[in-house]
Amino acid sequence: MHWCVREGYAWAEDIFQCEEEGALQNANPEKVSARAKKRGSSQLGTLGAGNHYCEIQVVDKIFDQSAASAMNLTPDQIVIMVHSGSRGLGHQIATDSILTIDSDTACTDTTSVPNRELSCTRIQSEAGQSYLQAMACAGNFAWANRTYLHHLIRQAFAQVFTTTPDDLDMHLVYDVSHNIAKVEQHTVDGYPRTLLVHRKGATRSFPPFHPAVPVRQCSRSLRSAAPTHVCVLLVFLPRLRMHVLHSSQVAYQSVGQPVLVGGSMGTNSFVMVGTDTAMAETFGTTCHGAGRAVSRHSSHSLVHHDELVQRLQGQGVTVCTACPKALVEEAPEVYKDVSEVVQVCHDAGLSKLVARTRPLVVIKG
């Protein structure tokens, strides 16, 4: 993400609104194959297929006024949510690492698994450390990819409203990872421990006053460090003027880390915050989305593309996709009820509801 700032694709302040400030320090590009780098080189600033998306949404309900105020969220504001990752670079890193682990005789003492994609090795082994360093590169590429997408979004809004990104005042609210393993400090049985926390289909949910929650406040002077400006993970547009979900007077220490839970085209998405309960019960982790109820293969026999598009249009949702056949794999009915999932997480104290959004425009890769 720091590269994006240097190249003018991000405001300097965006770094402080990003998990790990947009850079995992243990990244080692020497652990990334030439094939992985080649796959990623042409994919910077792309959404990708599957459940990745860019959505224009509207805030339609506030659950926690205090936390919503910290993010400058109010009803009827327009927000943008982006879901994308490390693209082919990350996929190739996983493929390369599985092959390495499968062929490494030092890994033969690990538990046998029913699927080769579940191949494992010890964290402190050479293969384990190489994988963590390569995976950190994938995480950094994902932050750069989303940041460049934000830049493209900001430029598009500026063009539509015939103004500049700076005048639109579009800020990053928060950028948080999922499907990643990270070394973190947690308390186990009353003692501090250094752990590798693997969040698959889950996301970080750190509480108020945690040192990893942003404390730096936005300022115009920080923004001036970048020659051009960037869009955001979430933005809003009240009265045809772009405002921000993170203002120049706000940091998240008092409310907790923002948690973004995406829906599925025709369903709601949610903004939540992290909690102390999550730190105690789930190593600072909560849901990332609803999760699939129907496999991608089975979805084709349940949903027809044309009917899905017409139904979404009837709900006021416009869908654009580069792969119409794959659209049915992301139909709302092939996922669990996201409202029920976030309510369970809220009731369990793993994350706290702040706001609900509904989609207006959905762009799929």
# chains A, B, ... in the order shown; residues from 1 in each chain; ligands from 1
$ residues_around --residues "region 293-298 of chain A" --least-positions-apart "4" --cutoff "10 Å" --atoms "only C-alpha atoms" --output "ChimeraX atom specification"
/A:50,302-303,326,328-337
$ select_by_dssp --residues "region 25-179 of chain A" --states "alpha helix (DSSP H)" --output "short mmCIF file (atom, residue, chain, number, x, y, z; two decimals) with C-alpha atoms, in the first residue's frame"
data_model
loop_
_atom_site.label_atom_id
_atom_site.label_comp_id
_atom_site.auth_asym_id
_atom_site.auth_seq_id
_atom_site.Cartn_x
_atom_site.Cartn_y
_atom_site.Cartn_z
CA ALA A 34 8.30 -16.10 -11.17
CA ARG A 35 5.03 -17.67 -12.33
CA ALA A 36 3.14 -16.14 -9.39
CA LYS A 37 4.64 -12.72 -10.08
CA LYS A 38 3.75 -12.98 -13.75
CA ARG A 39 0.14 -13.89 -12.93
CA GLY A 40 -0.16 -10.93 -10.60
CA SER A 41 1.59 -8.40 -12.82
CA GLN A 65 -25.44 5.60 17.02
CA SER A 66 -22.18 6.18 18.89
CA ALA A 67 -20.11 3.92 16.65
CA ALA A 68 -21.96 5.13 13.56
CA SER A 69 -21.14 8.72 14.50
CA ALA A 70 -17.48 7.76 14.83
CA ARG A 87 -5.84 -12.53 -7.47
CA GLY A 88 -3.68 -14.99 -9.45
CA LEU A 89 -0.56 -14.14 -7.48
CA GLY A 90 -2.07 -15.42 -4.25
CA HIS A 91 -3.58 -18.47 -5.95
CA GLN A 92 -0.23 -19.41 -7.45
CA ILE A 93 1.55 -18.93 -4.12
CA ALA A 94 -0.87 -21.42 -2.57
CA THR A 95 -0.38 -23.88 -5.44
CA ASP A 96 3.41 -23.60 -5.24
CA SER A 97 3.40 -24.02 -1.47
CA ILE A 98 1.20 -27.12 -1.59
CA LEU A 99 3.59 -28.73 -4.08
CA THR A 100 6.58 -27.82 -1.91
CA ILE A 101 5.01 -29.19 1.25
CA ASP A 102 3.86 -32.38 -0.49
CA SER A 103 7.37 -33.07 -1.79
CA GLU A 126 11.71 -24.11 6.56
CA ALA A 127 8.68 -24.80 4.38
CA GLY A 128 6.37 -23.23 6.94
CA GLN A 129 8.40 -20.05 7.23
CA SER A 130 8.78 -19.80 3.46
CA TYR A 131 5.03 -20.07 3.05
CA LEU A 132 4.31 -17.39 5.66
CA GLN A 133 6.74 -15.02 3.94
CA ALA A 134 5.19 -15.70 0.54
CA MET A 135 1.66 -15.37 1.93
CA ALA A 136 2.61 -11.99 3.38
CA CYS A 137 3.56 -10.94 -0.16
CA ALA A 138 0.09 -12.00 -1.29
CA GLY A 139 -1.46 -9.95 1.51
CA ASN A 140 0.54 -6.89 0.50
CA PHE A 141 -0.44 -7.37 -3.15
CA ALA A 142 -4.09 -7.60 -2.09
CA TRP A 143 -3.86 -4.26 -0.27
CA ALA A 144 -2.23 -2.68 -3.31
CA ASN A 145 -4.88 -4.20 -5.57
CA ARG A 146 -7.78 -2.85 -3.51
CA THR A 147 -6.09 0.52 -3.17
CA TYR A 148 -5.74 0.83 -6.92
CA LEU A 149 -9.39 -0.19 -7.29
CA HIS A 150 -10.22 2.60 -4.85
CA HIS A 151 -8.27 4.99 -7.05
CA LEU A 152 -10.25 3.94 -10.12
CA ILE A 153 -13.54 4.32 -8.24
CA ARG A 154 -12.60 7.76 -7.01
CA GLN A 155 -11.66 8.87 -10.50
CA ALA A 156 -14.96 7.54 -11.87
CA PHE A 157 -17.01 9.45 -9.31
CA ALA A 158 -15.00 12.60 -9.96
CA GLN A 159 -15.67 12.27 -13.69
CA VAL A 160 -19.41 11.75 -13.21
CA PRO A 165 -11.40 13.47 -6.02
CA ASP A 166 -10.14 15.92 -3.42
CA ASP A 167 -13.31 18.01 -3.65
CA LEU A 168 -15.37 14.85 -3.24
#
$ atom_distance --atom1 "CA of Ala251 (chain A)" --atom2 "CA of Asp14 (chain A)"
12.5 Å
$ closest_atom_pairs --of "region 106-213 of chain A" --to "region 271-289 of chain A" --cutoff "6 Å" --atoms "only C-alpha atoms" --output "Markdown table"
| residue | atom | partner | partner_atom | distance |
| --- | --- | --- | --- | --- |
| A:Gly201 | CA | A:His288 | CA | 5.8 |
| A:Ala202 | CA | A:His288 | CA | 4.5 |
| A:Thr203 | CA | A:His288 | CA | 5.2 |
| A:Arg204 | CA | A:Thr285 | CA | 4.7 |
| A:Ser205 | CA | A:Gly274 | CA | 4.0 |
| A:Phe206 | CA | A:Gly274 | CA | 4.6 |
| A:Pro207 | CA | A:Thr275 | CA | 4.1 |
$ atom_distance --atom1 "CA of Val344 (chain A)" --atom2 "CA of Ser86 (chain A)"
29.4 Å
$ closest_residue --among "A:Tyr191, A:Tyr252, A:Phe63, A:Trp3" --to "Arg356 (chain A)" --atoms "only C-alpha atoms"
A:Phe63
$ atom_distance --atom1 "CA of Thr74 (chain A)" --atom2 "CA of Gln257 (chain A)"
18.5 Å
$ select_by_dssp --residues "region 79-120 of chain A" --states "strand (DSSP E)" --output "JSON, numbers by chain"
{"A": [79, 80, 81, 82, 83]}
$ write_last_selection --atoms "C-alpha atoms" --output "PDB file, in the first residue's frame"
ATOM      1  CA  VAL A  79     -21.404   3.952   0.412  1.00  0.00           C
ATOM      2  CA  ILE A  80     -19.091   1.846  -1.713  1.00  0.00           C
ATOM      3  CA  MET A  81     -17.870  -1.560  -0.589  1.00  0.00           C
ATOM      4  CA  VAL A  82     -15.081  -3.400  -2.394  1.00  0.00           C
ATOM      5  CA  HIS A  83     -14.259  -7.085  -1.980  1.00  0.00           C
TER       6      HIS A  83
END
